[in-house]
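Student: mmCIF, C-alpha atoms, file model.cif:
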```cif
data_data
loop_
_atom_site.label_atom_id
_atom_site.label_comp_id
_atom_site.auth_asym_id
_atom_site.auth_seq_id
_atom_site.Cartn_x
_atom_site.Cartn_y
_atom_site.Cartn_z
CA MET A 25 14.04 -2.51 -11.39
CA ALA A 26 15.56 -4.57 -8.62
CA GLU A 27 13.93 -7.70 -7.32
CA CYS A 28 11.43 -7.44 -4.47
CA LYS A 29 13.18 -7.69 -1.11
CA GLU A 30 10.20 -9.19 0.72
CA GLU A 31 8.22 -12.32 0.04
CA LYS A 32 6.50 -11.98 -3.30
CA LYS A 33 2.90 -11.74 -2.17
CA LEU A 34 0.48 -8.87 -1.76
CA VAL A 35 -3.14 -8.26 -0.92
CA ILE A 36 -5.00 -5.84 -3.19
CA GLY A 37 -8.42 -4.24 -3.23
CA ALA A 38 -10.40 -1.54 -4.97
CA ASP A 39 -13.80 0.07 -5.13
CA LYS A 40 -15.68 0.73 -8.38
CA SER A 41 -13.54 3.77 -9.23
CA GLY A 42 -10.29 1.84 -8.78
CA PHE A 43 -11.37 -1.43 -10.39
CA SER A 44 -9.69 -0.97 -13.81
CA LEU A 45 -6.39 0.18 -12.30
CA LYS A 46 -6.47 -2.70 -9.80
CA GLU A 47 -6.86 -5.19 -12.63
CA ALA A 48 -3.86 -3.69 -14.48
CA ILE A 49 -1.69 -3.71 -11.33
CA LYS A 50 -2.74 -7.25 -10.47
CA LYS A 51 -1.77 -8.51 -13.93
CA PHE A 52 1.56 -6.66 -13.77
CA LEU A 53 2.41 -8.21 -10.40
CA GLU A 54 1.30 -11.71 -11.38
CA ASP A 55 3.38 -11.49 -14.57
CA LYS A 56 6.36 -10.68 -12.31
CA GLY A 57 5.73 -13.79 -10.23
CA TYR A 58 3.86 -12.30 -7.29
CA TYR A 59 1.00 -14.04 -5.55
CA VAL A 60 -1.77 -11.44 -5.41
CA GLU A 61 -4.86 -11.97 -3.29
CA ASP A 62 -7.72 -9.84 -4.58
CA VAL A 63 -10.24 -8.98 -1.84
CA GLY A 64 -12.56 -7.07 -4.17
CA THR A 65 -14.10 -5.40 -6.07
CA LYS A 66 -14.03 -8.37 -8.43
CA ASP A 67 -16.57 -7.18 -10.99
CA LEU A 68 -18.35 -3.93 -11.67
CA GLU A 69 -21.84 -5.35 -11.21
CA ASN A 70 -21.12 -6.32 -7.59
CA TRP A 71 -18.76 -3.54 -6.55
CA LEU A 72 -17.81 -2.75 -2.98
CA PRO A 73 -17.40 0.71 -1.44
CA PHE A 74 -13.97 1.87 -0.26
CA TYR A 75 -14.99 1.64 3.40
CA GLU A 76 -15.61 -2.12 2.99
CA VAL A 77 -12.52 -2.91 0.90
CA ALA A 78 -9.89 -1.08 2.99
CA PRO A 79 -10.69 -3.09 6.17
CA ARG A 80 -10.29 -6.34 4.23
CA VAL A 81 -6.74 -5.42 3.24
CA ALA A 82 -5.93 -3.99 6.67
CA ASN A 83 -7.15 -7.14 8.44
CA LYS A 84 -5.03 -9.40 6.20
CA ILE A 85 -1.94 -7.37 7.11
CA GLN A 86 -2.84 -7.18 10.81
CA SER A 87 -3.18 -10.97 10.91
CA GLY A 88 0.32 -11.40 9.48
CA GLU A 89 -0.95 -13.20 6.39
CA PHE A 90 0.48 -10.39 4.23
CA ASP A 91 3.20 -7.79 4.82
CA ARG A 92 2.04 -5.28 2.22
CA GLY A 93 -1.12 -4.27 0.44
CA VAL A 94 -2.41 -1.99 -2.30
CA LEU A 95 -5.72 -0.14 -2.28
CA ILE A 96 -7.26 1.80 -5.16
CA CYS A 97 -10.26 4.13 -5.17
CA GLY A 98 -10.94 7.28 -7.19
CA THR A 99 -8.18 9.40 -5.65
CA GLY A 100 -6.54 7.06 -3.12
CA ALA A 101 -7.57 9.37 -0.28
CA GLY A 102 -10.65 7.48 0.96
CA MET A 103 -8.81 4.17 1.07
CA SER A 104 -5.91 5.81 2.93
CA ILE A 105 -8.21 7.36 5.54
CA VAL A 106 -9.98 4.07 6.28
CA ALA A 107 -6.85 1.88 6.21
CA ASN A 108 -5.06 4.17 8.66
CA LYS A 109 -7.81 3.59 11.23
CA PHE A 110 -6.31 0.10 11.78
CA LYS A 111 -3.48 -0.42 14.24
CA GLY A 112 -0.24 -1.31 12.48
CA ILE A 113 -1.38 -0.08 9.10
CA TYR A 114 0.68 2.69 7.55
CA ALA A 115 -1.09 3.65 4.33
CA VAL A 116 0.17 6.43 2.08
CA ALA A 117 -1.74 7.87 -0.87
CA VAL A 118 0.74 8.32 -3.71
CA GLU A 119 0.63 9.98 -7.10
CA GLY A 120 4.25 9.66 -8.22
CA SER A 121 7.14 7.19 -8.33
CA TYR A 122 9.39 9.16 -5.98
CA THR A 123 6.65 9.45 -3.37
CA ALA A 124 5.90 5.73 -3.65
CA LYS A 125 9.56 4.85 -3.12
CA MET A 126 9.95 7.22 -0.20
CA ALA A 127 6.71 6.00 1.39
CA LYS A 128 8.68 2.85 2.20
CA VAL A 129 12.11 4.41 2.81
CA ILE A 130 10.95 7.19 5.13
CA ASN A 131 7.50 6.15 6.39
CA ASN A 132 7.82 2.35 6.30
CA ALA A 133 4.41 2.26 4.59
CA ASN A 134 2.92 -1.21 4.39
CA VAL A 135 -0.01 -0.08 2.22
CA LEU A 136 0.02 2.08 -0.90
CA THR A 137 -3.20 3.74 -1.93
CA MET A 138 -3.73 5.09 -5.41
CA GLY A 139 -6.32 6.86 -7.51
CA GLY A 140 -7.96 5.15 -10.45
CA TRP A 141 -9.01 8.59 -11.69
CA VAL A 142 -5.48 9.93 -11.28
CA LEU A 143 -2.95 7.38 -12.55
CA ALA A 144 -2.24 5.62 -15.81
CA PRO A 145 -1.57 1.88 -15.39
CA GLU A 146 2.06 2.15 -16.50
CA GLN A 147 2.77 4.87 -13.94
CA ALA A 148 0.98 2.96 -11.16
CA CYS A 149 2.95 -0.21 -11.91
CA ASP A 150 6.23 1.70 -11.80
CA MET A 151 5.21 3.17 -8.46
CA ILE A 152 4.34 -0.24 -7.03
CA GLU A 153 7.64 -1.70 -8.19
CA ARG A 154 9.67 1.14 -6.66
CA TRP A 155 7.84 0.73 -3.35
CA LEU A 156 8.31 -3.04 -3.34
CA THR A 157 12.04 -2.90 -4.03
CA MET A 158 12.88 -0.58 -1.14
CA GLU A 159 13.41 -1.13 2.57
CA PHE A 160 12.83 1.23 5.47
CA THR A 161 15.74 3.75 5.71
CA GLU A 162 17.51 2.23 2.68
CA GLY A 163 20.17 4.55 1.25
CA LEU A 164 19.84 7.19 3.94
CA GLU A 165 22.56 8.78 6.05
CA GLU A 166 23.19 7.22 9.48
CA TRP A 167 21.83 10.22 11.37
CA ARG A 168 18.59 10.06 9.36
CA LYS A 169 18.27 6.30 9.92
CA GLY A 170 18.51 6.90 13.67
CA PHE A 171 16.00 9.73 13.50
CA LEU A 172 13.50 7.64 11.51
CA ASN A 173 13.85 4.57 13.73
CA ASN A 174 13.09 6.81 16.71
CA ALA A 175 10.19 8.37 14.80
CA ILE A 176 8.65 4.93 14.13
CA THR A 177 8.79 4.21 17.86
CA LYS A 178 7.06 7.53 18.58
CA VAL A 179 4.39 6.84 15.94
CA LYS A 180 3.71 3.43 17.51
CA ASP A 181 3.36 5.12 20.92
CA ILE A 182 0.82 7.54 19.43
CA GLU A 183 -0.96 4.60 17.82
CA GLU A 184 -1.15 2.73 21.16
CA GLU A 185 -2.59 5.81 22.82
CA ASN A 186 -5.21 6.55 20.17
CA LEU A 187 -6.16 3.28 18.42
CA LYS A 188 -7.49 1.17 21.26
#
```
Rewrite the coordinates I just gave you, this time as structure tokens.
Tutor:
Amino acid sequence: MAECKEEKKLVIGADKSGFSLKEAIKKFLEDKGYYVEDVGTKDLENWLPFYEVAPRVANKIQSGEFDRGVLICGTGAGMSIVANKFKGIYAVAVEGSYTAKMAKVINNANVLTMGGWVLAPEQACDMIERWLTMEFTEGLEEWRKGFLNNAITKVKDIEEENLK
């Protein structure tokens, strides 16, 4: 895989169902030289629910402290729903490497959500790496780049209107 194109730091969080996968992803990223801030769950005896973890990651990205984050729950859906309630957060629940890559290329996702009940650690790490090595509109035709840049503007307008 190519080297990460952004600064090598991420914020990560999980609930009880995503704890084991989070630990595997965190080790993978740290072994690759990333700084990974873990906002919980940090142990299974004191676990946090998805609706408490997702805001922690979202707030760290909103503040500008981090550009990207990873959230893991049982399916990835709950984390995605909560994270997307925060202005400027574009979370996509992914279950495959192609979708993870295209979440950045097409949707400019700054948060990936994953399912601890769904993914093997090796697959999840491959997905994270593909997402981290891509840029918004990378490798697309010029007409599609223009379309997607316009789409991002429209999405931000919708966000302004609805996330006050």
Student: Please return as a PyMOL selection string every residue within 6 Å of (-11.3, 10.0, -11.8), taking into account all atoms listed in the file and the file's own coordinates.
Tutor: chain A and resi 98+141-142
Student: Between A:Leu164, A:Leu68, A:Glu54, A:Glu119, single out the one closest to Ala144 (chain A), counting all atoms listed in the file.
Tutor: A:Glu119
Student: Translate the PyMOL selection byres ((chain A and resi 111) around 10), as applied to the file shown, into an explicit residue set as a CSV table (one decimal) with C-alpha atoms, in the coordinates of the input.
Tutor:
```csv
chain,number,residue,atom,x,y,z
A,82,ALA,CA,-5.9,-4.0,6.7
A,83,ASN,CA,-7.2,-7.1,8.4
A,86,GLN,CA,-2.8,-7.2,10.8
A,107,ALA,CA,-6.8,1.9,6.2
A,108,ASN,CA,-5.1,4.2,8.7
A,109,LYS,CA,-7.8,3.6,11.2
A,110,PHE,CA,-6.3,0.1,11.8
A,112,GLY,CA,-0.2,-1.3,12.5
A,113,ILE,CA,-1.4,-0.1,9.1
A,114,TYR,CA,0.7,2.7,7.6
A,180,LYS,CA,3.7,3.4,17.5
A,183,GLU,CA,-1.0,4.6,17.8
A,184,GLU,CA,-1.2,2.7,21.2
A,186,ASN,CA,-5.2,6.6,20.2
A,187,LEU,CA,-6.2,3.3,18.4
A,188,LYS,CA,-7.5,1.2,21.3
```
Student: Starting from the shown file, work through the PyMOL selection byres ((chain A and resi 106) around 12) and note down what comes out as a ChimeraX atom specification.
Tutor: /A:73-83,95-97,100-105,107-111,113-117,135,137
Student: Which is closest to Lys50 (chain A) among A:Trp167, A:Ile152, A:Gly88, A:Leu143, if we use only C-alpha atoms?
Tutor: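 Answer, going by the shortest atom-to-atom distance: A:Ile152.
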Student: Could you tell me how far CA of Ala127 (chain A) sits from CA of Gly170 (chain A), in Å to one decimal place?
Tutor: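 Separating CA of Gly170 (chain A) from CA of Ala127 (chain A) is a distance of 17.1 Å.
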Student: For Glu146 (chain A), which residue among A:Phe171, A:Ser121, A:Gly57, A:Arg92 is the nearest when counting all atoms listed in the file?
Tutor: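 Between A:Phe171, A:Ser121, A:Gly57, A:Arg92, the residue approaching Glu146 (chain A) most closely is A:Ser121.
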Student: Just to confirm, what's the straight-line distance from CA of Trp71 (chain A) to CA of Ser44 (chain A) in Å (one decimal)?
Tutor: 11.9 Å
Student: What would the selection look like, as a VMD selection string, if the PyMOL selection byres ((chain A and resi 176) around 12) were run on the coordinates I just shared?
Tutor: chain A and resid 112 114 129 to 133 160 to 161 169 to 175 177 to 183
Student: Could you work out how far CA of Met138 (chain A) lies from CA of Val60 (chain A), giving the answer in Å with one decimal?
Tutor: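 About the pair CA of Val60 (chain A) and CA of Met138 (chain A): they are 16.6 Å apart.
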Student: So that I can check the surroundings of Lys84 (chain A), please list as a PDB file with C-alpha atoms, in the frame of the given file every protein, DNA and RNA residue that reaches within 8 Å of it, counting all atoms listed in the file and ignoring chain neighbours fewer than 5 positions away.
Tutor:
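The result, written out as part33.pdb:
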```pdb
ATOM      1  CA  VAL A  35      -3.140  -8.260  -0.920  1.00  0.00           C
ATOM      2  CA  GLU A  89      -0.950 -13.200   6.390  1.00  0.00           C
ATOM      3  CA  PHE A  90       0.480 -10.390   4.230  1.00  0.00           C
TER       4      PHE A  90
END
```
Student: Name the closest residue to Tyr122 (chain A) among the candidates A:Leu72, A:Met151, A:Leu34, A:Ile85; distances are taken between atoms, counting all atoms listed in the file.
Tutor: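 That would be A:Met151, the residue with the smallest distance to Tyr122 (chain A).
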Student: Let me make sure I understand: among A:Ala48, A:Asn134, A:Gly139, A:Thr65, which one has the smallest atom-to-atom distance to Val118 (chain A) if we use all atoms listed in the file?
Tutor: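 Among the listed residues, A:Gly139 lies closest to Val118 (chain A).
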Student: Which residue is closest to Met126 (chain A)? Choose from A:Thr99, A:Ser87, A:Thr157, A:Ser41 and count all atoms listed in the file.
Tutor: A:Thr157
Student: Please write out, as AutoDock Vina command-line options, where the centre of an axis-aligned box around all listed atoms of region 133-143 of chain A lies and how long its edges are, in Å to one decimal, after adding 6 Å on each side.
Tutor:
```
--center_x -2.3 --center_y 4.4 --center_z -4.0 --size_x 25.4 --size_y 23.1 --size_z 29.1
```
